[in-house]
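Engineer: Just so it is clear, I am handing over data02.cif, which has mmCIF, C-alpha atoms and all ligand atoms.
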data_protein
loop_
_atom_site.label_atom_id
_atom_site.label_comp_id
_atom_site.auth_asym_id
_atom_site.auth_seq_id
_atom_site.Cartn_x
_atom_site.Cartn_y
_atom_site.Cartn_z
CA MET A 268 -21.89 9.17 -11.70
CA SER A 269 -24.76 7.93 -9.60
CA LYS A 270 -25.70 10.51 -7.01
CA LYS A 271 -26.03 8.14 -4.14
CA GLY A 272 -23.90 5.10 -4.96
CA ALA A 273 -23.14 4.50 -1.28
CA GLN A 274 -26.82 4.66 -0.38
CA GLN A 275 -28.13 2.24 -3.01
CA GLY A 276 -26.01 -0.74 -2.12
CA PRO A 277 -22.90 -1.68 -0.20
CA ALA A 278 -19.79 0.43 -0.80
CA PHE A 279 -16.47 -1.06 -1.87
CA ILE A 280 -14.77 1.12 0.77
CA ASP A 281 -17.21 2.95 3.04
CA LEU A 282 -15.57 6.24 4.02
CA ALA A 283 -18.92 7.74 4.98
CA ALA A 284 -19.43 5.25 7.83
CA GLN A 285 -16.15 6.31 9.40
CA TYR A 286 -17.05 9.97 8.94
CA ARG A 287 -20.31 9.45 10.80
CA ARG A 288 -18.27 8.11 13.71
CA ILE A 289 -15.51 10.74 13.94
CA GLY A 290 -16.91 13.67 11.95
CA ASP A 291 -17.51 15.98 14.92
CA ARG A 292 -14.00 15.58 16.26
CA VAL A 293 -12.48 16.00 12.80
CA GLY A 294 -14.49 19.20 12.32
CA ARG A 295 -13.14 20.65 15.56
CA ALA A 296 -9.58 19.63 14.69
CA ILE A 297 -9.82 21.38 11.30
CA ALA A 298 -11.32 24.48 12.93
CA ALA A 299 -8.36 24.63 15.33
CA VAL A 300 -5.93 24.78 12.37
CA LEU A 301 -7.99 27.52 10.72
CA GLU A 302 -7.76 29.48 13.99
CA HIS A 303 -4.00 29.24 14.51
CA GLY A 304 -3.19 29.71 10.82
CA GLN A 305 0.02 27.64 10.51
CA TYR A 306 -1.24 25.78 7.46
CA ILE A 307 2.04 24.31 6.26
CA LEU A 308 4.09 22.09 8.62
CA GLY A 309 2.10 23.41 11.58
CA PRO A 310 2.16 21.93 15.11
CA GLU A 311 -0.22 19.13 14.07
CA VAL A 312 2.38 17.86 11.58
CA THR A 313 5.06 17.65 14.28
CA GLU A 314 2.63 15.94 16.63
CA LEU A 315 1.51 13.47 13.95
CA GLU A 316 5.12 12.57 13.12
CA ARG A 317 5.81 11.92 16.80
CA ARG A 318 2.69 9.79 17.20
CA LEU A 319 3.23 7.76 14.01
CA ALA A 320 6.84 7.00 14.96
CA GLU A 321 5.66 5.94 18.41
CA PHE A 322 2.87 3.81 16.89
CA CYS A 323 5.28 1.67 14.88
CA GLY A 324 8.47 2.01 16.91
CA ALA A 325 10.59 3.76 14.28
CA ARG A 326 13.07 6.46 15.42
CA HIS A 327 11.92 8.96 12.80
CA CYS A 328 8.79 9.75 10.84
CA ILE A 329 8.98 12.34 8.07
CA THR A 330 5.61 13.22 6.58
CA CYS A 331 5.24 14.43 3.01
CA ALA A 332 2.67 15.24 0.33
CA ASN A 333 1.73 11.67 -0.73
CA GLY A 334 2.91 8.08 -0.77
CA THR A 335 4.51 8.37 -4.19
CA ASP A 336 6.70 11.25 -2.99
CA ALA A 337 7.57 9.26 0.13
CA LEU A 338 9.16 6.64 -2.14
CA LEU A 339 10.79 9.23 -4.40
CA LEU A 340 12.25 11.22 -1.48
CA VAL A 341 14.10 8.12 -0.25
CA LEU A 342 15.57 7.43 -3.70
CA MET A 343 16.71 11.08 -3.81
CA ALA A 344 18.21 10.88 -0.30
CA GLU A 345 20.13 7.76 -1.34
CA GLY A 346 21.44 9.51 -4.46
CA ILE A 347 19.91 6.89 -6.75
CA GLY A 348 19.86 7.94 -10.41
CA PRO A 349 21.06 7.18 -13.94
CA GLY A 350 22.84 3.84 -14.31
CA ASP A 351 21.31 2.47 -11.11
CA ALA A 352 19.00 -0.55 -11.01
CA VAL A 353 16.07 -0.54 -8.60
CA PHE A 354 14.21 -3.84 -8.21
CA VAL A 355 10.42 -3.66 -8.03
CA PRO A 356 7.70 -6.31 -8.13
CA ALA A 357 5.83 -6.47 -11.43
CA PHE A 358 2.52 -6.92 -9.62
CA THR A 359 1.79 -3.69 -7.71
CA PHE A 360 0.37 -0.21 -8.10
CA VAL A 361 2.27 1.71 -10.76
CA ALA A 362 3.73 4.28 -8.33
CA THR A 363 6.28 1.71 -7.10
CA ALA A 364 8.02 1.74 -10.50
CA GLU A 365 7.10 5.31 -11.47
CA VAL A 366 9.36 6.84 -8.81
CA VAL A 367 12.34 4.86 -10.07
CA VAL A 368 11.94 6.34 -13.55
CA LEU A 369 11.37 9.83 -12.06
CA ALA A 370 14.65 9.48 -10.16
CA GLY A 371 16.40 8.71 -13.48
CA ALA A 372 17.20 5.12 -12.50
CA THR A 373 16.09 1.89 -14.20
CA PRO A 374 13.31 -0.25 -12.73
CA VAL A 375 14.00 -3.98 -13.05
CA PHE A 376 10.88 -6.09 -12.66
CA VAL A 377 10.79 -9.02 -10.25
CA ASP A 378 8.14 -11.74 -9.99
CA VAL A 379 5.92 -12.28 -6.95
CA ARG A 380 4.99 -15.34 -4.91
CA PRO A 381 1.74 -17.19 -5.63
CA ASP A 382 0.81 -17.45 -1.92
CA SER A 383 1.48 -13.96 -0.49
CA PHE A 384 1.52 -12.02 -3.82
CA ASN A 385 4.70 -10.37 -2.49
CA LEU A 386 8.25 -10.22 -3.85
CA ASP A 387 9.88 -13.55 -4.71
CA THR A 388 13.51 -13.65 -3.57
CA GLU A 389 14.59 -16.20 -6.17
CA SER A 390 13.30 -13.93 -8.88
CA LEU A 391 15.04 -11.00 -7.14
CA GLU A 392 18.37 -12.82 -7.39
CA ALA A 393 17.70 -13.51 -11.07
CA ALA A 394 16.89 -9.83 -11.61
CA ILE A 395 20.10 -8.72 -9.92
CA GLY A 396 22.06 -10.97 -12.29
CA GLU A 397 20.17 -9.56 -15.25
CA ALA A 398 20.81 -5.95 -14.15
CA LYS A 399 24.54 -6.61 -13.83
CA SER A 400 24.70 -8.22 -17.25
CA LEU A 401 23.11 -5.06 -18.67
CA GLY A 402 25.81 -2.93 -17.04
CA LEU A 403 23.49 -1.44 -14.39
CA ARG A 404 24.53 -0.92 -10.76
CA PRO A 405 22.18 -2.78 -8.38
CA ARG A 406 21.32 -0.19 -5.70
CA CYS A 407 17.90 -0.68 -4.17
CA VAL A 408 14.94 -3.03 -3.83
CA ILE A 409 11.39 -1.84 -3.17
CA PRO A 410 9.35 -4.74 -1.76
CA VAL A 411 5.62 -3.99 -1.69
CA ASP A 412 3.38 -5.12 1.18
CA LEU A 413 0.56 -5.95 -1.20
CA TYR A 414 -3.03 -5.75 0.06
CA GLY A 415 -1.74 -5.00 3.57
CA GLN A 416 0.53 -7.97 4.35
CA PRO A 417 4.28 -7.37 4.86
CA ALA A 418 6.69 -8.89 2.35
CA ASP A 419 9.26 -11.47 3.50
CA TYR A 420 11.76 -8.92 4.87
CA PRO A 421 14.10 -11.45 6.57
CA ALA A 422 14.66 -13.27 3.24
CA ILE A 423 14.79 -10.05 1.19
CA GLY A 424 17.22 -8.58 3.72
CA ARG A 425 19.63 -11.47 3.20
CA VAL A 426 19.68 -11.00 -0.58
CA ALA A 427 19.94 -7.22 -0.14
CA GLU A 428 22.86 -7.51 2.24
CA ALA A 429 24.76 -9.88 -0.04
CA ASN A 430 24.34 -7.35 -2.86
CA SER A 431 24.62 -4.08 -0.87
CA LEU A 432 21.07 -3.03 -1.75
CA VAL A 433 19.07 -0.43 0.15
CA VAL A 434 15.70 -1.90 1.19
CA LEU A 435 12.84 0.56 0.83
CA ALA A 436 9.51 -0.93 1.93
CA ASP A 437 6.52 0.26 -0.09
CA ALA A 438 4.16 0.15 2.88
CA ALA A 439 1.45 2.26 1.24
CA GLN A 440 -1.08 -0.53 1.93
CA SER A 441 0.34 -2.03 5.12
CA PHE A 442 0.85 0.61 7.79
CA GLY A 443 -0.40 -0.96 11.03
CA ALA A 444 0.54 -4.54 10.08
CA SER A 445 3.44 -6.51 11.53
CA LEU A 446 5.83 -9.37 10.89
CA ASN A 447 7.20 -11.55 13.70
CA GLY A 448 6.03 -9.01 16.25
CA GLN A 449 7.74 -6.08 14.50
CA LYS A 450 5.55 -3.32 13.10
CA VAL A 451 5.61 -2.08 9.51
CA GLY A 452 7.86 0.99 9.59
CA THR A 453 10.71 -0.92 11.24
CA LEU A 454 11.10 -3.90 8.90
CA ALA A 455 13.51 -2.27 6.42
CA SER A 456 15.99 0.64 6.28
CA TYR A 457 13.11 2.78 5.07
CA ALA A 458 9.35 2.39 4.83
CA ALA A 459 7.12 4.69 2.80
CA THR A 460 3.40 4.86 3.41
CA SER A 461 0.39 6.70 1.98
CA PHE A 462 -2.58 8.44 3.57
CA TYR A 463 -4.63 8.41 0.36
CA PRO A 464 -8.27 8.27 1.54
CA SER A 465 -8.87 4.60 0.67
CA LYS A 466 -5.73 3.30 2.40
CA PRO A 467 -6.13 1.66 5.83
CA LEU A 468 -4.99 4.89 7.54
CA GLY A 469 -6.37 7.43 5.06
CA GLY A 470 -6.83 11.17 5.34
CA TYR A 471 -9.31 13.43 3.59
CA GLY A 472 -6.85 14.23 0.84
CA ASP A 473 -3.31 13.28 -0.13
CA GLY A 474 -0.54 12.59 2.35
CA GLY A 475 2.40 10.28 2.95
CA ALA A 476 5.18 9.44 5.38
CA ILE A 477 8.64 7.90 5.55
CA PHE A 478 9.95 5.89 8.52
CA THR A 479 13.62 5.31 9.25
CA ASP A 480 16.00 4.78 12.17
CA ASP A 481 18.84 6.64 10.42
CA ASP A 482 19.34 10.08 12.07
CA ALA A 483 21.40 11.61 9.25
CA LYS A 484 19.06 10.42 6.50
CA ALA A 485 16.02 11.61 8.45
CA LYS A 486 17.55 15.10 8.59
CA LEU A 487 18.33 14.99 4.88
CA LEU A 488 14.80 13.80 4.04
CA ARG A 489 13.32 16.74 5.97
CA ALA A 490 15.44 19.10 3.87
CA ILE A 491 14.70 17.40 0.54
CA ARG A 492 10.93 17.54 1.14
CA CYS A 493 11.31 21.31 1.53
CA HIS A 494 13.35 22.48 -1.51
CA GLY A 495 16.64 21.18 -0.13
CA ARG A 496 16.75 23.50 2.87
CA HIS A 497 17.05 22.47 6.50
CA PRO A 498 14.52 23.99 8.91
CA ASP A 499 17.19 26.54 9.99
CA GLY A 500 17.44 27.75 6.38
CA SER A 501 20.83 26.20 5.56
CA GLU A 502 21.29 24.20 2.35
CA CYS A 503 21.47 20.42 2.37
CA GLY A 504 23.50 20.36 -0.85
CA GLN A 505 20.95 18.41 -2.83
CA VAL A 506 18.10 19.34 -5.13
CA GLY A 507 14.81 19.03 -3.28
CA LEU A 508 11.14 19.37 -4.01
CA ASN A 509 7.99 20.69 -2.39
CA SER A 510 6.44 17.74 -0.64
CA ARG A 511 4.98 18.84 2.66
CA LEU A 512 1.93 17.62 4.54
CA ASP A 513 -0.76 20.21 5.24
CA ALA A 514 -1.53 20.90 8.90
CA ILE A 515 -5.22 20.28 8.14
CA GLN A 516 -4.46 16.74 6.88
CA ALA A 517 -2.25 16.13 9.93
CA ALA A 518 -5.08 17.27 12.23
CA ILE A 519 -7.47 14.86 10.48
CA LEU A 520 -4.98 11.99 10.64
CA LEU A 521 -4.40 12.56 14.36
CA GLU A 522 -8.12 11.94 14.92
CA LYS A 523 -8.12 8.93 12.62
CA LEU A 524 -5.09 7.45 14.36
CA LEU A 525 -7.13 7.33 17.60
CA VAL A 526 -9.62 4.86 16.10
CA PHE A 527 -7.11 3.08 13.86
CA PRO A 528 -6.27 0.19 16.27
CA GLN A 529 -9.98 -0.66 16.57
CA GLU A 530 -10.39 -0.40 12.82
CA ILE A 531 -7.54 -2.85 12.26
CA VAL A 532 -9.26 -5.37 14.55
CA ALA A 533 -12.53 -4.90 12.63
CA ARG A 534 -10.79 -5.44 9.29
CA GLN A 535 -9.13 -8.59 10.58
CA ALA A 536 -12.48 -9.94 11.80
CA SER A 537 -14.07 -9.25 8.39
CA ALA A 538 -11.17 -10.99 6.65
CA GLU A 539 -11.62 -14.06 8.84
CA ARG A 540 -15.35 -14.09 8.14
CA TYR A 541 -14.74 -13.93 4.39
CA GLY A 542 -12.24 -16.77 4.74
CA GLU A 543 -14.81 -18.95 6.52
CA GLY A 544 -17.52 -18.16 3.99
CA LEU A 545 -15.46 -18.49 0.82
CA GLY A 546 -12.45 -20.66 1.63
CA ALA A 547 -14.07 -23.80 0.22
CA GLU A 548 -15.09 -22.11 -3.07
CA VAL A 549 -12.17 -19.92 -4.17
CA GLN A 550 -8.52 -19.24 -3.29
CA VAL A 551 -8.77 -16.85 -0.35
CA PRO A 552 -5.77 -14.84 0.89
CA LYS A 553 -3.56 -16.57 3.43
CA LEU A 554 -1.24 -14.89 5.89
CA THR A 555 2.37 -16.06 6.00
CA ALA A 556 3.54 -17.43 9.35
CA GLY A 557 4.30 -14.55 11.73
CA ALA A 558 2.50 -11.93 9.63
CA THR A 559 -0.55 -9.80 10.33
CA SER A 560 -2.32 -7.78 7.66
CA VAL A 561 -4.34 -4.58 7.77
CA TRP A 562 -6.37 -5.86 4.79
CA ALA A 563 -6.11 -2.84 2.53
CA GLN A 564 -7.83 -5.19 0.07
CA TYR A 565 -9.48 -8.57 0.41
CA THR A 566 -8.46 -10.20 -2.83
CA ILE A 567 -9.39 -13.67 -3.98
CA VAL A 568 -7.95 -15.68 -6.88
CA THR A 569 -10.30 -17.46 -9.25
CA GLU A 570 -10.26 -18.80 -12.79
CA ARG A 571 -13.88 -17.65 -13.15
CA ARG A 572 -13.26 -13.97 -12.46
CA ASP A 573 -15.57 -12.56 -15.11
CA GLU A 574 -18.47 -14.74 -14.03
CA LEU A 575 -17.97 -13.87 -10.36
CA ALA A 576 -17.72 -10.15 -11.11
CA LYS A 577 -20.95 -10.37 -13.08
CA ALA A 578 -22.77 -12.27 -10.32
CA CYS A 579 -21.61 -9.68 -7.76
CA ARG A 580 -22.70 -6.81 -10.00
CA GLU A 581 -26.15 -8.37 -10.36
CA ALA A 582 -26.40 -8.73 -6.57
CA GLY A 583 -25.45 -5.06 -6.17
CA VAL A 584 -22.01 -5.89 -4.75
CA PRO A 585 -19.13 -3.74 -6.01
CA THR A 586 -15.82 -5.46 -6.82
CA ALA A 587 -12.51 -4.13 -8.16
CA ILE A 588 -9.41 -5.49 -9.87
CA HIS A 589 -6.05 -4.64 -8.35
CA TYR A 590 -4.25 -4.92 -10.76
CA ALA A 591 -5.49 -5.80 -14.21
CA SER A 592 -2.06 -5.50 -15.80
CA PRO A 593 1.40 -6.34 -14.53
CA LEU A 594 3.64 -3.28 -14.75
CA HIS A 595 5.94 -4.67 -17.44
CA ALA A 596 2.93 -4.89 -19.80
CA LEU A 597 2.04 -1.19 -19.45
CA LEU A 598 2.99 0.92 -22.47
CA ALA A 599 5.19 3.28 -20.47
CA TYR A 600 7.11 0.41 -18.84
CA GLN A 601 7.60 -2.14 -21.61
CA GLN A 602 11.14 -0.93 -22.31
CA PHE A 603 12.51 -1.84 -18.87
CA PRO A 604 14.29 -5.08 -18.00
CA MET A 605 12.91 -7.98 -16.00
CA ALA A 606 14.22 -10.96 -14.07
CA LEU A 607 15.57 -13.80 -16.16
CA GLY A 608 12.86 -16.45 -16.18
CA GLY A 609 10.14 -13.89 -16.75
CA LEU A 610 7.23 -12.85 -14.57
CA PRO A 611 4.73 -15.73 -14.84
CA GLN A 612 3.09 -15.25 -11.43
CA ALA A 613 2.54 -11.52 -11.95
CA GLU A 614 0.95 -12.28 -15.32
CA TRP A 615 -1.26 -15.03 -13.91
CA LEU A 616 -2.46 -12.96 -10.96
CA ALA A 617 -3.33 -9.98 -13.14
CA LYS A 618 -5.78 -12.24 -14.97
CA HIS A 619 -7.28 -13.96 -11.93
CA VAL A 620 -7.50 -11.63 -8.91
CA ILE A 621 -10.63 -9.84 -7.81
CA SER A 622 -11.08 -7.69 -4.70
CA LEU A 623 -14.21 -7.71 -2.55
CA PRO A 624 -15.65 -4.91 -0.41
CA MET A 625 -13.34 -4.36 2.59
CA HIS A 626 -13.24 -1.64 5.21
CA ALA A 627 -13.50 -1.27 8.97
CA TYR A 628 -17.27 -0.71 8.94
CA LEU A 629 -18.33 -3.72 6.91
CA VAL A 630 -21.44 -5.20 8.54
CA ASP A 631 -22.31 -8.92 8.59
CA GLU A 632 -25.36 -8.46 6.34
CA THR A 633 -23.21 -6.93 3.61
CA GLN A 634 -20.61 -9.65 3.92
CA ASP A 635 -23.34 -12.30 3.73
CA LEU A 636 -24.60 -10.71 0.52
CA VAL A 637 -21.10 -10.86 -0.98
CA ILE A 638 -20.52 -14.43 0.18
CA SER A 639 -23.84 -15.71 -1.12
CA ALA A 640 -23.39 -13.94 -4.47
CA ILE A 641 -20.05 -15.67 -4.95
CA ARG A 642 -21.21 -19.05 -3.66
CA GLY A 643 -24.28 -18.89 -5.87
CA ALA A 644 -22.18 -18.08 -8.92
CA ILE A 645 -19.78 -20.94 -8.24
CA ARG A 646 -22.66 -23.35 -7.71
CA SER A 647 -24.33 -22.45 -10.98
CA LEU A 648 -21.02 -22.68 -12.84
CA LYS A 649 -20.49 -26.17 -11.43
CA ALA A 650 -24.07 -27.15 -12.30
CA GLY A 651 -23.48 -25.82 -15.83
CA VAL A 652 -20.38 -27.97 -16.20
CA ALA A 653 -22.21 -31.03 -14.85
CA ALA A 654 -25.06 -30.53 -17.34
CA GLU A 655 -22.71 -30.48 -20.34
C1 LIG A 701 -1.34 3.98 -3.02
C2 LIG A 701 -0.02 3.40 -3.32
C3 LIG A 701 1.12 4.20 -3.60
C4 LIG A 701 1.05 5.68 -3.80
O1 LIG A 701 0.47 6.42 -2.77
P1 LIG A 701 -0.15 7.87 -3.11
O2 LIG A 701 -0.34 8.47 -1.75
O3 LIG A 701 -1.41 7.64 -3.84
O4 LIG A 701 0.85 8.62 -3.90
C5 LIG A 701 2.33 3.57 -3.79
N1 LIG A 701 2.45 2.24 -3.74
C6 LIG A 701 1.40 1.43 -3.50
C7 LIG A 701 1.60 -0.05 -3.45
C8 LIG A 701 0.13 1.98 -3.30
O5 LIG A 701 -0.91 1.16 -3.07
#
Is it possible to give me this structure as structure tokens?
Structural biologist:
Amino acid sequence: MSKKGAQQGPAFIDLAAQYRRIGDRVGRAIAAVLEHGQYILGPEVTELERRLAEFCGARHCITCANGTDALLLVLMAEGIGPGDAVFVPAFTFVATAEVVVLAGATPVFVDVRPDSFNLDTESLEAAIGEAKSLGLRPRCVIPVDLYGQPADYPAIGRVAEANSLVVLADAAQSFGASLNGQKVGTLASYAATSFYPSKPLGGYGDGGAIFTDDDAKAKLLRAIRCHGRHPDGSECGQVGLNSRLDAIQAAILLEKLLVFPQEIVARQASAERYGEGLGAEVQVPKLTAGATSVWAQYTIVTERRDELAKACREAGVPTAIHYASPLHALLAYQQFPMALGGLPQAEWLAKHVISLPMHAYLVDETQDLVISAIRGAIRSLKAGVAAE
């Protein structure tokens, strides 16, 4: 590891810049928790849940240990297990499918759309048919709001309703975004988000949250996250786990939530600037009508990925690939079924996406460096072709 990676060149996600802005307040907030001593589910956790629910307009927010548990807790609360099919996009972070296997159910892979990279409803219908033909019970769909943009919940909702599926939004990357004026957290029966440090609303450690409007399920989720016991000590009748948010993380997140709206605006401005600088050279991300994104990633699509990555590396610009393999190609997931018709988009994207530096403190000079590295690489590739 380089000692000072962030100092030598631009960072892929600059957490230090944010810390310089809010560090003093975060320090005081942590000290307050150390003073009162209620480290687990302390008053900051209750306050954070209230503020997050208010932020997005959901009736309930239930925090937990991480975004993966947030997904798993919902599957547990819905009693999803062996013999049940849960539909997940093949192009996402592995946690989306992992929780299905942990719950004892079967993930069925669905293809994504080439424009938004989010779940394709035609492929979802094909996957439901495939699950039925395998003797599985279709129970749930987990659309992912990839890179920060909400999936097409109105269309997914129609397919889900026709097939009695629970819709659980994997909003790990999209908290703070909206669709048709409705905030993420209220677009499906449940939304699960993550406060992993590099997410748009990240803590200084692990954390997660579930949003729902269902009073009874919210109560059950609070019990399941705490060994199956309600806060009054009575049993909920279901096996639970230990998935609580620390009061220290909640105190940090309360401070971060104060600057979050400004950070979203800054991310959106950076995304627009990238679009202007690169739109003529590569396929830049496009928002679907009615959608906003919190730009967890700024991911372009190019057939010259290796060359662009190399040019960026030489210019000192870090890039990343989210995700280099579709889930159905991973060793641990090859045995699970997929939509009839296959997963061509997921496979194509895994070979052609590349993510550029993106965070709320990206300065113009850094963006210009990224843009000129990519433009320069494209120009010399074109010149190379012309010379042949
Ligand atoms: C980060 C992420 C998760 C998991 O969140 P953790 O807090 O790291 O457990 C789940 N799904 C997606 C799409 C993610 O990006």
Engineer: For chain A against ligand LIG 701 (chain A), with a cut-off of 9 Å and counting only C-alpha atoms and all ligand atoms, what is the closest atom pair and its distance in Å to one decimal for every residue that makes the cut, ordered by chain and number, as CSV?
Structural biologist:
residue,atom,partner,partner_atom,distance
A:Ala332,CA,A:LIG701,O2,7.7
A:Asn333,CA,A:LIG701,O2,3.9
A:Gly334,CA,A:LIG701,O2,3.4
A:Thr335,CA,A:LIG701,O4,3.7
A:Asp336,CA,A:LIG701,O4,6.5
A:Ala337,CA,A:LIG701,O4,7.9
A:Leu338,CA,A:LIG701,C5,7.7
A:Thr359,CA,A:LIG701,C7,5.6
A:Phe360,CA,A:LIG701,C7,4.8
A:Val361,CA,A:LIG701,N1,7.0
A:Ala362,CA,A:LIG701,C5,4.8
A:Thr363,CA,A:LIG701,N1,5.1
A:Ala364,CA,A:LIG701,N1,8.8
A:Val411,CA,A:LIG701,C7,5.9
A:Asp412,CA,A:LIG701,C7,7.1
A:Leu413,CA,A:LIG701,C7,6.4
A:Tyr414,CA,A:LIG701,O5,7.9
A:Asp437,CA,A:LIG701,N1,5.8
A:Ala438,CA,A:LIG701,C7,6.8
A:Ala439,CA,A:LIG701,C8,4.7
A:Gln440,CA,A:LIG701,O5,5.3
A:Ser441,CA,A:LIG701,O5,8.9
A:Ala459,CA,A:LIG701,C5,8.2
A:Thr460,CA,A:LIG701,O1,7.0
A:Ser461,CA,A:LIG701,O2,4.2
A:Phe462,CA,A:LIG701,O2,5.8
A:Tyr463,CA,A:LIG701,O2,4.8
A:Pro464,CA,A:LIG701,O2,8.6
A:Ser465,CA,A:LIG701,C1,8.4
A:Lys466,CA,A:LIG701,C1,7.0
A:Asp473,CA,A:LIG701,O2,5.9
A:Gly474,CA,A:LIG701,O2,5.8
A:Gly475,CA,A:LIG701,O2,5.7
A:Ala563,CA,A:LIG701,O5,8.6
Engineer: Compile a residue-level contact table for range 387-462 of chain A against range 340-343 of chain A at a cut-off of 12 Å, reporting for every qualifying residue the shortest atom pair and its distance in Å to one decimal, with all atoms listed in the file counted, rows ordered by chain and ascending number, as a tab-separated table.
Structural biologist:
residue	atom	partner	partner_atom	distance
A:Arg406	CA	A:Leu342	CA	9.8
A:Cys407	CA	A:Leu342	CA	8.5
A:Val408	CA	A:Leu342	CA	10.5
A:Ile409	CA	A:Leu342	CA	10.2
A:Leu432	CA	A:Leu342	CA	12.0
A:Val433	CA	A:Leu342	CA	9.4
A:Val434	CA	A:Val341	CA	10.2
A:Leu435	CA	A:Val341	CA	7.7
A:Ala436	CA	A:Val341	CA	10.4
A:Asp437	CA	A:Val341	CA	10.9
A:Ser456	CA	A:Val341	CA	10.1
A:Tyr457	CA	A:Val341	CA	7.6
A:Ala458	CA	A:Val341	CA	9.0
A:Ala459	CA	A:Val341	CA	8.4
A:Thr460	CA	A:Val341	CA	11.8
Engineer: Near Ala418 in chain A, within 10 Å and counting only C-alpha atoms, which residues show up once chain neighbours fewer than 3 positions away are dropped, as a PyMOL selection string?
Structural biologist: chain A and resi 379-380+383-387+410-413+415+421-423+436-438+441+446+451+454+555+558
Engineer: Which residues are close to Ala627 in chain A, i.e. within 8 Å by only C-alpha atoms, leaving aside same-chain residues fewer than 3 positions away? Reply as a ChimeraX atom specification.
Structural biologist: /A:530-531,533-534
Engineer: Name all residues at most 6 Å from Gly495 in chain A (count only C-alpha atoms; drop same-chain ones fewer than 6 positions away) and give them as number ranges by chain.
Structural biologist: A: 503, 505-507
Engineer: Which value, in Å to one decimal, gives the distance between CA of Tyr306 in chain A and CA of Thr479 in chain A?
Structural biologist: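 Distance between the two atoms: 25.4 Å.
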Engineer: Excluding same-chain residues fewer than 4 positions from range 579-584 of chain A, what lies within 8 Å of it counting all atoms listed in the file, as a count of residues only?
Structural biologist: 10
Engineer: Hey, can you check how far CA of Asp482 in chain A sits from CA of Ala325 in chain A?
Structural biologist: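 Those two atoms sit 11.0 Å apart.
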Engineer: Between CA of Gly371 in chain A and CA of His497 in chain A, what is the spacing in Å?
Structural biologist: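 Value for the CA of His497 in chain A-CA of Gly371 in chain A distance: 24.3 Å.
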Engineer: Looking at all atoms listed in the file, which of A:Thr313, A:Thr373, A:Thr453, A:Ser592 is the one that sits closest to Asp351 in chain A?
Structural biologist: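 Among the listed residues, the smallest separation from Asp351 in chain A belongs to A:Thr373.
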Engineer: Give me the residues near Gly643 in chain A as a list in words, where near means some atom within 9 Å (using all atoms listed in the file) and where sequence neighbours in that chain fewer than 5 positions away do not count.
Structural biologist: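 The residues that qualify are Ala578, Ile638 and Leu648 of chain A.
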Engineer: Find the residue from A:Glu365, A:Glu548, A:Glu632, A:Glu302 that sits nearest to Ile645 in chain A; use all atoms listed in the file when measuring.
Structural biologist: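 Nearest candidate to Ile645 in chain A out of A:Glu365, A:Glu548, A:Glu632, A:Glu302: A:Glu548.
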Engineer: Which is closest to Tyr541 in chain A among A:Leu508, A:Leu607, A:Ala476, A:Val630, if we use all atoms listed in the file?
Structural biologist: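 Counting all atoms listed in the file, the residue closest to Tyr541 in chain A is A:Val630.
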Engineer: From the set A:Ala398, A:Val652, A:Ala444, A:Val368, which residue has the shortest atom-to-atom contact distance to Thr559 in chain A, counting all atoms listed in the file?
Structural biologist: A:Ala444
Engineer: Could you check the closest approach to Val532 in chain A for each of A:Ile519, A:Ala576, A:Val355, A:Leu629 and tell me which residue wins, using only C-alpha atoms?
Structural biologist: A:Leu629
Engineer: Of the candidates A:Val561, A:Leu319, A:Val568, A:Val367, which shows the shortest atom-to-atom distance to Val549 in chain A, using all atoms listed in the file?
Structural biologist: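 The answer is A:Val568, which sits nearest to Val549 in chain A.
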